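Have a look at the structure below before the remarks.
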Amino acid sequence: MNKLTQKHLLYGVQTFEIIDDEITVTVKGWFKPPEQQQVVLAMLNPEPVVNDGRLEFHSRVKCGPLLSLYINKPNAALFNAFVDVVKKKAQAEYDAFAGLTDS
């Protein structure tokens with residue numbers, strides 16, 4: 001599972017898509033134009049933190065969250081499958097970056 005779309009009644013729609021070694025995040029508010037950013041997977045700490053109804057992936061080098069997902073949206077199965085992929089890919093990309101994998 002490489003894509004997750006989450007809707008929130010007040011904040012709009014956010015889509016996370018894993019493409020190669022990064023995650024593209026698109027946020028579209030109900031009355032705002034879409035905003036897009038890319039997050040390199042190697043920068044993510046693969047152990048997320050629960051904070052105020054969200055699951056946050058923080059940076060390995062900064063304190064703040066780089067990804068913030070609504071917990072169990074659109075449903076628990078899709079959410080958990082996507083989170084598992086992000087965890088595994090973040091660890092694998094970091095290991096490759098740090099030279100911790102066999103080539």
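Every chain in the structure tokens has a letter given in the order shown (A, B, ...), and although residue numbers restart at 1 in each chain, ligands are simply numbered from 1 in the order shown.
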
Point to revise | Residues within 10 Å of region 12-22 of chain A, only C-alpha atoms, excluding chain neighbours under 4 positions, as a PyMOL selection string | key: chain A and resi 1-8+26-32+34-44+67-70+82+85-86+89-90+92-94

What would the file look like if the residues just selected were written as a PDB file, in the first residue's frame with C-alpha atoms?
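That gives us part_14.pdb:
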```pdb
ATOM      1  CA  MET A   1       0.000   0.000   0.000  1.00  0.00           C
ATOM      2  CA  ASN A   2       1.705   3.177  -1.181  1.00  0.00           C
ATOM      3  CA  LYS A   3      -1.093   5.734  -0.928  1.00  0.00           C
ATOM      4  CA  LEU A   4      -3.419   6.892   1.846  1.00  0.00           C
ATOM      5  CA  THR A   5      -6.135   9.540   1.581  1.00  0.00           C
ATOM      6  CA  GLN A   6      -7.670  10.960   4.751  1.00  0.00           C
ATOM      7  CA  LYS A   7     -10.652  13.293   5.039  1.00  0.00           C
ATOM      8  CA  HIS A   8     -11.433  15.539   7.979  1.00  0.00           C
ATOM      9  CA  THR A  26      -0.882  16.874  -0.570  1.00  0.00           C
ATOM     10  CA  VAL A  27      -3.208  18.872   1.671  1.00  0.00           C
ATOM     11  CA  LYS A  28      -6.381  20.441   0.287  1.00  0.00           C
ATOM     12  CA  GLY A  29      -8.449  22.551   2.641  1.00  0.00           C
ATOM     13  CA  TRP A  30     -12.108  23.073   1.883  1.00  0.00           C
ATOM     14  CA  PHE A  31     -11.536  26.705   0.926  1.00  0.00           C
ATOM     15  CA  LYS A  32      -7.809  26.708   0.167  1.00  0.00           C
ATOM     16  CA  PRO A  34      -3.851  22.422  -2.524  1.00  0.00           C
ATOM     17  CA  GLU A  35      -0.409  22.472  -0.920  1.00  0.00           C
ATOM     18  CA  GLN A  36       2.190  19.828  -1.648  1.00  0.00           C
ATOM     19  CA  GLN A  37       5.483  18.873  -0.034  1.00  0.00           C
ATOM     20  CA  GLN A  38       7.913  15.990  -0.222  1.00  0.00           C
ATOM     21  CA  VAL A  39       9.478  14.253   2.763  1.00  0.00           C
ATOM     22  CA  VAL A  40      12.554  12.072   2.300  1.00  0.00           C
ATOM     23  CA  LEU A  41      11.990   8.710   3.987  1.00  0.00           C
ATOM     24  CA  ALA A  42      15.574   8.481   5.280  1.00  0.00           C
ATOM     25  CA  MET A  43      14.892  11.558   7.467  1.00  0.00           C
ATOM     26  CA  LEU A  44      11.957   9.941   9.298  1.00  0.00           C
ATOM     27  CA  LEU A  67       4.185  13.635   8.837  1.00  0.00           C
ATOM     28  CA  SER A  68       0.982  13.822  10.823  1.00  0.00           C
ATOM     29  CA  LEU A  69      -1.802  11.327  10.105  1.00  0.00           C
ATOM     30  CA  TYR A  70      -5.319  11.150  11.545  1.00  0.00           C
ATOM     31  CA  PHE A  82       0.137   2.296   5.303  1.00  0.00           C
ATOM     32  CA  VAL A  85       4.924   0.408   4.982  1.00  0.00           C
ATOM     33  CA  VAL A  86       6.162   3.852   6.069  1.00  0.00           C
ATOM     34  CA  LYS A  89      10.639   2.011   4.162  1.00  0.00           C
ATOM     35  CA  ALA A  90      11.896   4.724   6.528  1.00  0.00           C
ATOM     36  CA  ALA A  92      15.362   0.688   4.988  1.00  0.00           C
ATOM     37  CA  GLU A  93      16.111   4.096   3.434  1.00  0.00           C
ATOM     38  CA  TYR A  94      18.015   5.225   6.527  1.00  0.00           C
TER      39      TYR A  94
END
```

Exercise for review: Step one, run DSSP on the backbone; step two, keep only residues of chain A assigned to strand (DSSP E); then write them as a ChimeraX atom specification.
Suggested key: /A:3-8,12-19,22-28,35-40,49-51,54-58,65-70

**Study point:** Residue among A:Val61, A:Ile23, A:Val83, A:Ala76 lying closest to Pro48 (chain A), counting only C-alpha atoms
**Key:**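 Smallest separation from Pro48 (chain A) among the options: A:Val83.
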
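Comparing the minimum interatomic distances between Cys63 (chain A) and each of A:Asn45, A:Asn75, A:Val50, A:Asn80, counting only C-alpha atoms, we find that A:Asn45 sits nearest.
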
Practice item. Report as a VMD selection string: the residues of region 11-76 of chain A with a DSSP assignment of helix (DSSP H, G or I), based on the backbone of this structure. Key: chain A and resid 41 to 43 76

**Study point:** One-decimal distance in Å that lies between CA of Phe57 (chain A) and CA of Asp95 (chain A)
**Key:**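 Those two atoms sit 17.1 Å apart.
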